[in-house]
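Structure data follow from data_25.txt (compact mmCIF, C-alpha atoms):
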# COMPACT_ATOMS: atom_id res chain seq x y z
CA PHE D 11 -31.19 179.26 100.11
CA CYS D 12 -32.09 181.42 103.08
CA VAL D 13 -29.37 182.73 105.27
CA GLY D 14 -29.84 183.47 108.90
CA HIS D 15 -32.54 181.06 109.81
CA GLU D 16 -30.38 178.75 111.87
CA THR D 17 -31.10 179.18 115.53
CA GLU D 18 -28.88 176.61 117.14
CA LYS D 19 -25.23 177.42 116.87
CA GLU D 20 -24.01 173.88 117.35
CA GLU D 21 -25.86 172.56 114.34
CA LYS D 22 -24.81 175.38 112.13
CA MET D 23 -22.99 174.19 109.02
CA PRO D 24 -19.73 176.09 108.50
CA LEU D 25 -20.05 178.55 105.68
CA ASN D 26 -17.02 177.11 103.96
CA PRO D 27 -16.48 173.54 105.07
CA VAL D 28 -13.10 171.93 104.89
CA LEU D 29 -12.90 169.08 102.41
CA ILE D 30 -9.29 168.12 102.98
CA PRO D 31 -6.96 170.00 105.29
CA GLY D 32 -5.99 173.03 103.30
CA VAL D 33 -8.80 172.71 100.80
CA ARG D 34 -12.11 174.35 101.36
CA LYS D 35 -15.25 173.67 99.51
CA PHE D 36 -16.01 177.08 98.07
CA GLY D 37 -13.73 179.41 96.19
CA ARG D 38 -13.30 183.11 96.50
CA SER D 39 -16.11 184.38 94.36
CA VAL D 40 -18.63 182.00 95.89
CA MET D 41 -17.61 183.04 99.40
CA TYR D 42 -17.89 186.70 98.44
CA ARG D 43 -21.50 186.07 97.56
CA LYS D 44 -22.17 183.90 100.56
CA ARG D 45 -20.88 186.47 102.99
CA HIS D 46 -22.98 189.05 101.20
CA LEU D 47 -19.96 191.26 100.81
CA HIS D 48 -21.58 192.75 97.73
CA GLU D 49 -24.08 194.27 100.12
CA LYS D 50 -21.63 195.08 102.84
CA LYS D 51 -19.01 196.44 100.51
CA ALA D 52 -20.56 199.85 100.19
CA LYS D 53 -20.84 200.17 103.93
CA ILE D 54 -17.28 198.96 104.52
CA ASP D 55 -15.91 201.41 101.99
CA ALA D 56 -17.89 204.22 103.53
CA ALA D 57 -16.63 203.28 106.99
CA LYS D 58 -13.04 203.16 105.79
CA SER D 59 -13.27 206.58 104.23
CA ALA D 60 -15.02 207.87 107.33
CA LYS D 61 -12.20 206.51 109.51
CA ARG D 62 -9.67 208.27 107.36
CA VAL D 63 -11.49 211.54 107.72
CA VAL D 64 -12.18 211.29 111.44
CA LYS D 65 -8.89 211.43 113.28
CA GLU D 66 -10.27 210.91 116.73
CA ALA D 67 -11.62 207.44 117.27
CA LYS D 68 -15.19 207.45 118.39
CA PRO D 69 -15.62 204.29 120.41
CA GLN D 70 -19.33 204.24 120.32
CA VAL D 71 -19.85 204.58 116.65
CA ASN D 72 -18.61 201.56 114.82
CA ASP D 73 -19.92 201.51 111.33
CA THR D 74 -18.31 198.25 110.42
CA THR D 75 -20.47 196.11 112.68
CA VAL D 76 -23.00 194.79 110.36
CA LYS D 77 -25.25 192.00 111.41
CA SER D 78 -23.48 188.84 110.40
CA LYS D 79 -26.77 187.08 110.02
CA VAL D 80 -28.36 189.07 107.32
CA SER D 81 -31.70 187.64 106.60
CA VAL D 82 -31.68 187.89 102.90
CA CYS D 83 -33.89 185.30 101.48
CA HIS D 84 -33.43 184.66 97.85
CA VAL D 85 -36.40 182.84 96.52
CA PRO D 86 -35.52 181.65 93.08
CA SER D 87 -38.09 182.36 90.44
CA LYS D 88 -39.79 179.28 89.13
CA MET D 89 -37.63 178.02 86.32
CA THR D 90 -39.69 176.88 83.40
CA ARG D 91 -38.03 174.07 81.53
CA ASN D 92 -38.54 174.05 77.80
CA ALA D 93 -39.79 177.59 78.03
CA PHE D 94 -38.10 178.07 74.71
CA ARG D 95 -37.50 174.91 72.81
CA LYS D 96 -35.58 175.31 69.62
CA PRO D 97 -36.68 173.28 66.62
CA THR D 98 -34.36 170.43 65.67
CA HIS D 99 -31.62 171.65 63.41
CA LEU D 100 -31.89 170.16 59.95
CA ARG D 101 -28.58 169.46 58.21
CA SER D 102 -28.08 171.83 55.30
CA SER D 103 -27.47 168.85 53.04
CA ILE D 104 -31.06 167.66 53.57
CA THR D 105 -33.62 169.53 51.48
CA PRO D 106 -37.01 168.39 50.14
CA GLY D 107 -36.35 165.81 47.47
CA THR D 108 -32.96 164.68 48.74
CA VAL D 109 -32.28 160.98 48.39
CA LEU D 110 -31.32 159.63 51.79
CA ILE D 111 -29.63 156.35 52.62
CA VAL D 112 -31.18 154.78 55.69
CA LEU D 113 -28.55 153.30 57.95
CA ALA D 114 -30.49 151.54 60.66
CA GLY D 115 -33.81 150.00 61.40
CA ARG D 116 -36.11 147.89 59.33
CA PHE D 117 -35.27 149.68 56.11
CA ARG D 118 -31.52 149.89 56.47
CA GLY D 119 -29.72 150.24 53.18
CA ARG D 120 -32.73 151.63 51.36
CA ARG D 121 -32.60 154.80 49.39
CA VAL D 122 -35.49 157.03 50.25
CA VAL D 123 -36.85 160.40 49.18
CA PHE D 124 -37.00 163.09 51.86
CA LEU D 125 -40.22 165.10 51.88
CA LYS D 126 -40.16 167.39 54.86
CA GLN D 127 -39.13 167.75 58.47
CA LEU D 128 -42.00 167.31 60.90
CA ALA D 129 -42.58 169.28 64.08
CA SER D 130 -41.02 166.50 66.15
CA GLY D 131 -37.79 166.98 64.22
CA LEU D 132 -38.04 163.64 62.43
CA LEU D 133 -37.73 163.44 58.69
CA LEU D 134 -40.80 162.47 56.71
CA CYS D 135 -39.73 160.25 53.83
CA THR D 136 -41.23 157.90 51.32
CA GLY D 137 -39.65 155.07 49.26
CA PRO D 138 -41.70 155.54 47.10
CA PHE D 139 -43.49 152.45 48.32
CA LEU D 140 -43.77 150.76 44.93
CA LEU D 141 -40.05 151.07 44.29
CA ASN D 142 -38.51 149.86 47.49
CA GLY D 143 -41.27 149.06 49.94
CA VAL D 144 -40.63 152.03 52.18
CA PRO D 145 -43.93 153.73 53.02
CA LEU D 146 -44.51 157.22 54.33
CA ARG D 147 -42.31 157.00 57.36
CA ARG D 148 -40.43 159.12 59.79
CA PHE D 149 -36.68 158.77 60.11
CA ASN D 150 -34.20 160.23 62.50
CA GLN D 151 -31.61 162.49 60.93
CA ALA D 152 -28.83 160.78 62.82
CA TYR D 153 -29.46 157.44 61.12
CA VAL D 154 -29.42 158.72 57.62
CA ILE D 155 -26.80 159.67 55.02
CA ALA D 156 -27.82 162.55 52.83
CA THR D 157 -26.68 162.00 49.26
CA SER D 158 -26.15 164.88 46.88
CA THR D 159 -28.81 163.45 44.57
CA LYS D 160 -32.03 165.42 44.69
CA VAL D 161 -35.44 164.82 43.20
CA ASP D 162 -36.90 168.11 42.08
CA MET D 163 -39.79 168.53 44.51
CA SER D 164 -40.08 172.27 44.04
CA GLY D 165 -43.63 173.49 43.98
CA TYR D 166 -44.91 170.40 45.74
CA ASP D 167 -46.41 170.67 49.21
CA VAL D 168 -46.88 167.55 51.29
CA PRO D 169 -50.52 167.31 52.45
CA LYS D 170 -50.85 168.86 55.90
CA ASP D 171 -52.60 165.76 57.18
CA VAL D 172 -49.28 163.98 57.15
CA SER D 173 -47.86 165.15 60.46
CA ASP D 174 -46.65 163.49 63.62
CA ALA D 175 -50.29 162.76 64.51
CA PHE D 176 -50.60 160.77 61.28
CA PHE D 177 -48.13 158.27 62.69
CA ALA D 178 -49.73 157.94 66.10
CA ARG D 179 -50.71 154.43 66.94
CA GLU D 180 -54.47 153.95 66.83
CA LYS D 181 -55.81 152.37 69.97
CA GLY D 182 -57.96 149.30 69.58
CA THR D 183 -56.78 148.29 66.16
CA GLY D 184 -54.43 145.37 65.65
CA ALA D 185 -50.87 145.73 64.45
CA ASN D 186 -51.56 144.41 60.97
CA SER D 187 -54.47 146.55 59.98
CA LEU D 188 -53.74 149.67 58.00
CA PRO D 189 -56.65 152.06 57.48
CA GLN D 190 -57.59 152.75 53.87
CA SER D 191 -57.06 156.47 54.46
CA LYS D 192 -53.38 155.85 55.07
CA LYS D 193 -53.07 153.72 51.96
CA ASP D 194 -54.76 156.45 49.96
CA MET D 195 -52.43 159.07 51.37
CA GLN D 196 -49.47 156.86 50.43
CA THR D 197 -50.67 156.55 46.83
CA LYS D 198 -51.39 160.25 46.64
CA VAL D 199 -47.95 161.33 47.81
CA ASP D 200 -46.15 158.63 45.84
CA GLN D 201 -47.85 159.68 42.61
CA ALA D 202 -46.37 163.13 42.95
CA VAL D 203 -42.93 161.76 43.80
CA MET D 204 -42.94 159.06 41.09
CA MET D 205 -43.82 161.61 38.44
CA ARG D 206 -40.69 163.55 39.31
CA VAL D 207 -38.51 160.47 39.75
CA SER D 208 -39.42 159.10 36.33
CA ALA D 209 -38.18 162.30 34.73
CA VAL D 210 -34.58 161.48 35.66
CA PRO D 211 -32.93 158.56 33.86
CA LEU D 212 -31.88 155.67 36.10
CA LEU D 213 -33.24 157.35 39.23
CA LYS D 214 -35.99 154.76 39.52
CA SER D 215 -33.59 151.81 39.54
CA TYR D 216 -31.31 153.80 41.86
CA LEU D 217 -34.08 154.10 44.43
CA LYS D 218 -34.92 150.45 43.94
CA ALA D 219 -31.38 149.34 44.66
CA LYS D 220 -30.08 148.98 48.17
CA PHE D 221 -26.92 150.61 49.36
CA THR D 222 -24.19 148.15 50.30
CA LEU D 223 -20.54 148.34 51.13
CA ARG D 224 -18.34 146.11 49.06
CA HIS D 225 -14.78 144.99 49.48
CA GLY D 226 -12.49 147.93 49.02
CA ASP D 227 -15.12 150.54 49.81
CA GLN D 228 -13.97 153.17 52.24
CA PRO D 229 -17.07 154.95 53.55
CA HIS D 230 -15.06 157.73 55.15
CA ALA D 231 -13.55 158.54 51.77
CA MET D 232 -16.68 158.09 49.71
CA VAL D 233 -18.48 161.07 48.31
CA PHE D 234 -22.22 160.79 48.72
CA GLU J 1 20.54 143.37 28.68
CA MET J 2 20.10 145.22 31.96
CA VAL J 3 17.56 144.10 34.51
CA PHE J 4 16.76 147.69 35.28
CA ARG J 5 15.42 149.90 32.55
CA ARG J 6 14.73 153.15 34.38
CA PHE J 7 17.62 154.91 36.05
CA VAL J 8 17.99 157.85 38.36
CA GLU J 9 19.68 160.41 36.16
CA LEU J 10 19.56 164.12 35.58
CA GLY J 11 16.39 164.75 33.67
CA ARG J 12 14.55 161.60 34.72
CA VAL J 13 10.87 162.29 35.14
CA ALA J 14 9.42 160.79 38.29
CA VAL J 15 6.05 160.65 40.00
CA VAL J 16 5.85 161.58 43.65
CA ASN J 17 3.74 158.97 45.38
CA TYR J 18 3.76 160.05 49.00
CA GLY J 19 3.48 163.27 50.91
CA PRO J 20 1.79 166.61 50.26
CA ASP J 21 2.77 166.58 46.59
CA ALA J 22 1.60 163.03 45.98
CA GLY J 23 0.50 162.41 42.42
CA LYS J 24 2.64 165.14 40.89
CA LEU J 25 5.33 164.79 38.27
CA CYS J 26 8.81 166.11 38.82
CA VAL J 27 12.18 166.07 37.14
CA ILE J 28 15.34 164.88 38.90
CA VAL J 29 17.71 167.78 38.67
CA ASP J 30 20.44 166.61 41.03
CA VAL J 31 21.31 163.73 43.31
CA ILE J 32 22.02 164.95 46.83
CA ASP J 33 23.11 161.71 48.41
CA GLN J 34 22.20 158.05 48.52
CA ASN J 35 18.70 158.78 49.71
CA ARG J 36 17.64 162.08 48.26
CA ALA J 37 17.27 163.75 44.95
CA LEU J 38 16.90 167.42 44.17
CA VAL J 39 13.76 167.62 42.20
CA ASP J 40 11.98 170.38 40.29
CA GLY J 41 8.58 170.80 38.66
CA PRO J 42 8.90 173.60 37.94
CA PHE J 43 6.31 175.08 40.17
CA ARG J 44 4.06 177.10 37.92
CA GLU J 45 0.96 175.06 37.13
CA THR J 46 0.04 177.04 34.06
CA ARG J 47 1.56 179.98 32.36
CA GLU J 48 0.98 181.81 29.20
CA ASP J 49 3.71 181.35 26.63
CA LYS J 50 3.87 184.74 24.94
CA LYS J 51 6.04 183.47 22.08
CA GLN J 52 3.67 180.67 21.19
CA GLY J 53 0.60 182.49 22.42
CA LYS J 54 -0.85 179.57 24.30
CA LEU J 55 -1.27 178.28 27.81
CA VAL J 56 1.59 176.08 28.93
CA GLU J 57 1.15 173.63 31.72
CA GLY J 58 3.76 173.16 34.41
CA LEU J 59 4.17 170.41 36.94
CA GLY J 60 3.32 172.22 40.17
CA MET J 61 6.36 171.04 42.12
CA SER J 62 8.74 173.55 43.60
CA ARG J 63 12.44 172.82 43.67
CA GLN J 64 13.06 170.64 46.69
CA ALA J 65 14.78 167.60 48.12
CA VAL J 66 12.71 164.46 47.94
CA ASN J 67 13.61 161.01 49.21
CA PHE J 68 13.93 158.38 46.50
CA LYS J 69 11.48 156.28 48.46
CA ARG J 70 8.83 158.82 47.63
CA LEU J 71 9.58 158.76 43.93
CA VAL J 72 8.62 156.34 41.22
CA LEU J 73 10.63 156.64 38.04
CA THR J 74 8.88 156.90 34.71
CA ASP J 75 10.14 156.09 31.22
CA LEU J 76 10.46 159.76 30.32
CA VAL J 77 13.76 161.63 30.42
CA VAL J 78 14.19 165.32 29.78
CA LYS J 79 17.25 165.59 27.53
CA GLY J 80 19.82 168.25 28.16
CA VAL J 81 19.41 168.60 31.92
CA GLY J 82 22.86 169.11 33.34
CA ASN J 83 24.43 170.12 36.60
CA GLY J 84 22.79 173.22 38.00
CA THR J 85 20.03 173.48 35.44
CA ARG J 86 17.75 176.19 36.67
CA SER J 87 13.99 176.13 36.91
CA GLY J 88 13.48 178.49 33.98
CA THR J 89 15.68 176.46 31.67
CA LEU J 90 13.99 173.28 32.81
CA GLU J 91 10.60 174.79 32.13
CA ALA J 92 11.61 175.59 28.56
CA MET J 93 13.01 172.08 28.07
CA LEU J 94 9.79 170.50 29.34
CA HIS J 95 7.83 172.59 26.93
CA ASP J 96 10.07 171.90 23.94
CA GLN J 97 10.14 168.16 24.50
CA ASN J 98 6.39 167.92 25.14
CA ILE J 99 6.96 165.99 28.34
CA LEU J 100 3.49 166.57 29.75
CA GLU J 101 1.80 165.58 26.50
CA ARG J 102 3.84 162.40 26.29
CA TRP J 103 3.09 161.63 29.92
CA ASN J 104 -0.65 162.14 29.51
CA LYS J 105 -0.69 159.61 26.66
CA THR J 106 0.69 156.84 28.86
CA ALA J 107 -1.62 154.25 30.38
CA TRP J 108 -0.15 155.07 33.77
CA ALA J 109 -1.27 158.67 33.63
CA LYS J 110 -4.71 157.68 32.38
CA LYS J 111 -5.09 155.24 35.25
CA LEU J 112 -4.19 157.94 37.77
CA ILE J 113 -6.78 160.28 36.29
CA ALA J 114 -9.41 157.54 36.31
CA LYS J 115 -8.65 156.73 39.94
CA LYS J 116 -9.08 160.36 40.91
CA ALA J 117 -12.33 160.65 38.99
CA ARG J 118 -13.70 157.48 40.56
CA ALA J 119 -12.98 158.84 44.03
CA GLN J 120 -15.09 161.90 43.29
CA LEU J 121 -18.19 160.05 42.14
CA ASN J 122 -21.27 160.56 44.22
CA ASP J 123 -23.58 157.71 45.23
CA PHE J 124 -25.84 158.01 42.18
CA GLN J 125 -22.88 158.13 39.81
CA ARG J 126 -21.37 155.09 41.49
CA PHE J 127 -24.65 153.28 40.97
CA HIS J 128 -24.62 154.36 37.32
CA ALA J 129 -21.08 153.03 36.91
CA THR J 130 -22.05 149.70 38.44
CA ALA J 131 -25.08 149.49 36.15
CA LEU J 132 -22.86 150.09 33.12
CA ARG J 133 -20.37 147.51 34.29
CA ARG J 134 -23.14 144.96 34.63
CA GLN J 135 -24.39 145.79 31.14
CA ARG J 136 -20.91 145.33 29.75
CA ALA J 137 -20.48 142.04 31.59
CA ALA J 138 -23.80 140.84 30.17
CA ILE J 139 -22.70 141.68 26.63
CA VAL J 140 -19.37 139.92 27.14
CA ARG J 141 -21.03 136.85 28.59
CA ARG J 142 -23.53 136.69 25.75
CA LYS J 143 -20.75 136.94 23.16
CA TYR J 144 -18.70 134.33 24.99
CA LYS J 145 -21.62 131.90 24.96
CA GLU J 146 -22.07 132.48 21.28
CA ILE J 147 -18.44 131.69 20.60
CA VAL J 148 -18.52 128.56 22.75
CA ALA J 149 -21.71 127.40 21.03
CA GLU J 150 -20.05 128.01 17.64
CA GLN J 151 -17.02 125.96 18.60
CA ARG J 152 -19.12 123.06 19.77
CA LYS J 153 -20.75 122.71 16.39
Just give me the structure of the file as structure tokens.
Amino acid sequence: FCVGHETEKEEKMPLNPVLIPGVRKFGRSVMYRKRHLHEKKAKIDAAKSAKRVVKEAKPQVNDTTVKSKVSVCHVPSKMTRNAFRKPTHLRSSITPGTVLIVLAGRFRGRRVVFLKQLASGLLLCTGPFLLNGVPLRRFNQAYVIATSTKVDMSGYDVPKDVSDAFFAREKGTGANSLPQSKKDMQTKVDQAVMMRVSAVPLLKSYLKAKFTLRHGDQPHAMVF
Amino acid sequence: EMVFRRFVELGRVAVVNYGPDAGKLCVIVDVIDQNRALVDGPFRETREDKKQGKLVEGLGMSRQAVNFKRLVLTDLVVKGVGNGTRSGTLEAMLHDQNILERWNKTAWAKKLIAKKARAQLNDFQRFHATALRRQRAAIVRRKYKEIVAEQRK
């Protein structure tokens, strides 16, 4: 916003337009800035102290006349959006191996094992596929309940190939074709997960079962 | 034969079923008016009985006025509670008459404990409980069929 470039007085927009009689658009602090009093202040103070010192008025010297149209052009620096994008915050209740209950989408009600959070912020999970039909899939944190049940996935690293790019739609191929590489990756990851799931009694049938609300259930009071 | 079997009297043990102290036991120590009773736990949840050398459990209710509507009377009565019985005396009476032990044996108390435990189950535990219930139902059904088949012979 450059001040002082208006040449025609008639078209000049008042500095503080009246919205309603008695109410102006800009408040005190904004007007202080607009009138550039932060620049003039030093000069005004100096003039005031000078006036106090000088007893005889000198008509010619008038330090308080400062050009009302101060051409101060403030060119804002180019604001870079997303200059610093913070990674999506992962709920503390979600750690690798946590059993999640999916609340929406194709697999709603399924219990799923969380593997890791991808760069996009989505949660990489697997059924495992043989238990409940949920493949390696990304889920949004917001549509998921984290249970306190955890599969011990310590020491296991998800293959780096499984990233957001892994889920990108391949151009040219039909919707029903799944490349063998993806199937192999599924088996590979599931093997590791199944090994750990089988170690805990009843965990397999737990992951197989769907979560449902029954009569009398109060989800707000339930402990997950 | 009276229709009512449990009466509001000095020494009657009651369960508070509403309010911040819901679920706690208390003893009616005085009747204030038509609506309210003066009730006492006493407050100390556990204390060490130096004479007996063991941990004694209290009721966790401080001496206060409670509306009868918030109380449910139990079958237990603390004998010897009179006018102006103090908390200390009441505590000793509770201990001598084994009120807490007798209460914990009742089905009512067991049901309250079970309800609390059930509320604290996590999703996996709830699933486990359902699985067990189904197993039990299967056993019962099997047995029932056996009995019916026997009777048909």
To one decimal place in Å, what is the distance between atom CA of J:Leu94 and atom CA of J:Ala119? 29.5 Å
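Proximity ranking of D:Lys214, D:Arg34, D:Arg116, D:Arg179 relative to chain J places D:Lys214 first, based on all atoms listed in the file.
Of the listed residues (D:Ala57, D:Ala178, D:Leu213, D:Leu141), D:Leu213 comes nearest to chain J; the distances count only C-alpha atoms.
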With the cut-off set at 7 Å and counting all atoms listed in the file, tabulate each residue of chain D with an atom at most that distance from an atom of chain J, showing the nearest atom pair and its distance in Å to one decimal, ordered by chain and increasing number, as JSON lines.
{"residue": "D:Thr157", "atom": "CA", "partner": "J:Asp123", "partner_atom": "CA", "distance": 6.7}
{"residue": "D:Thr159", "atom": "CA", "partner": "J:Phe124", "partner_atom": "CA", "distance": 6.6}
{"residue": "D:Tyr216", "atom": "CA", "partner": "J:Phe127", "partner_atom": "CA", "distance": 6.7}
{"residue": "D:Met232", "atom": "CA", "partner": "J:Ala119", "partner_atom": "CA", "distance": 6.8}
{"residue": "D:Val233", "atom": "CA", "partner": "J:Asn122", "partner_atom": "CA", "distance": 5.0}
{"residue": "D:Phe234", "atom": "CA", "partner": "J:Asn122", "partner_atom": "CA", "distance": 4.6}
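Atom pair atom CA of D:Ile104 / atom CA of D:Ala156: separated by 6.1 Å.
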Identify, on the basis of all atoms listed in the file, every residue whose closest approach to D:Val123 does not exceed 10 Å; exclude the query and any residue fewer than 6 positions from it along the same chain; express the result as a PDB file with C-alpha atoms, keeping the file's coordinate frame.
ATOM      1  CA  THR D 105     -33.620 169.530  51.480  1.00  0.00           C
ATOM      2  CA  PRO D 106     -37.010 168.390  50.140  1.00  0.00           C
ATOM      3  CA  GLY D 107     -36.350 165.810  47.470  1.00  0.00           C
ATOM      4  CA  THR D 108     -32.960 164.680  48.740  1.00  0.00           C
ATOM      5  CA  VAL D 109     -32.280 160.980  48.390  1.00  0.00           C
ATOM      6  CA  LEU D 110     -31.320 159.630  51.790  1.00  0.00           C
ATOM      7  CA  ILE D 111     -29.630 156.350  52.620  1.00  0.00           C
ATOM      8  CA  LEU D 134     -40.800 162.470  56.710  1.00  0.00           C
ATOM      9  CA  CYS D 135     -39.730 160.250  53.830  1.00  0.00           C
ATOM     10  CA  THR D 136     -41.230 157.900  51.320  1.00  0.00           C
ATOM     11  CA  GLY D 137     -39.650 155.070  49.260  1.00  0.00           C
ATOM     12  CA  PRO D 138     -41.700 155.540  47.100  1.00  0.00           C
ATOM     13  CA  VAL D 144     -40.630 152.030  52.180  1.00  0.00           C
ATOM     14  CA  LEU D 146     -44.510 157.220  54.330  1.00  0.00           C
ATOM     15  CA  ALA D 156     -27.820 162.550  52.830  1.00  0.00           C
ATOM     16  CA  THR D 159     -28.810 163.450  44.570  1.00  0.00           C
ATOM     17  CA  LYS D 160     -32.030 165.420  44.690  1.00  0.00           C
ATOM     18  CA  VAL D 161     -35.440 164.820  43.200  1.00  0.00           C
ATOM     19  CA  MET D 163     -39.790 168.530  44.510  1.00  0.00           C
ATOM     20  CA  VAL D 203     -42.930 161.760  43.800  1.00  0.00           C
ATOM     21  CA  VAL D 207     -38.510 160.470  39.750  1.00  0.00           C
ATOM     22  CA  LEU D 217     -34.080 154.100  44.430  1.00  0.00           C
TER      23      LEU D 217
END
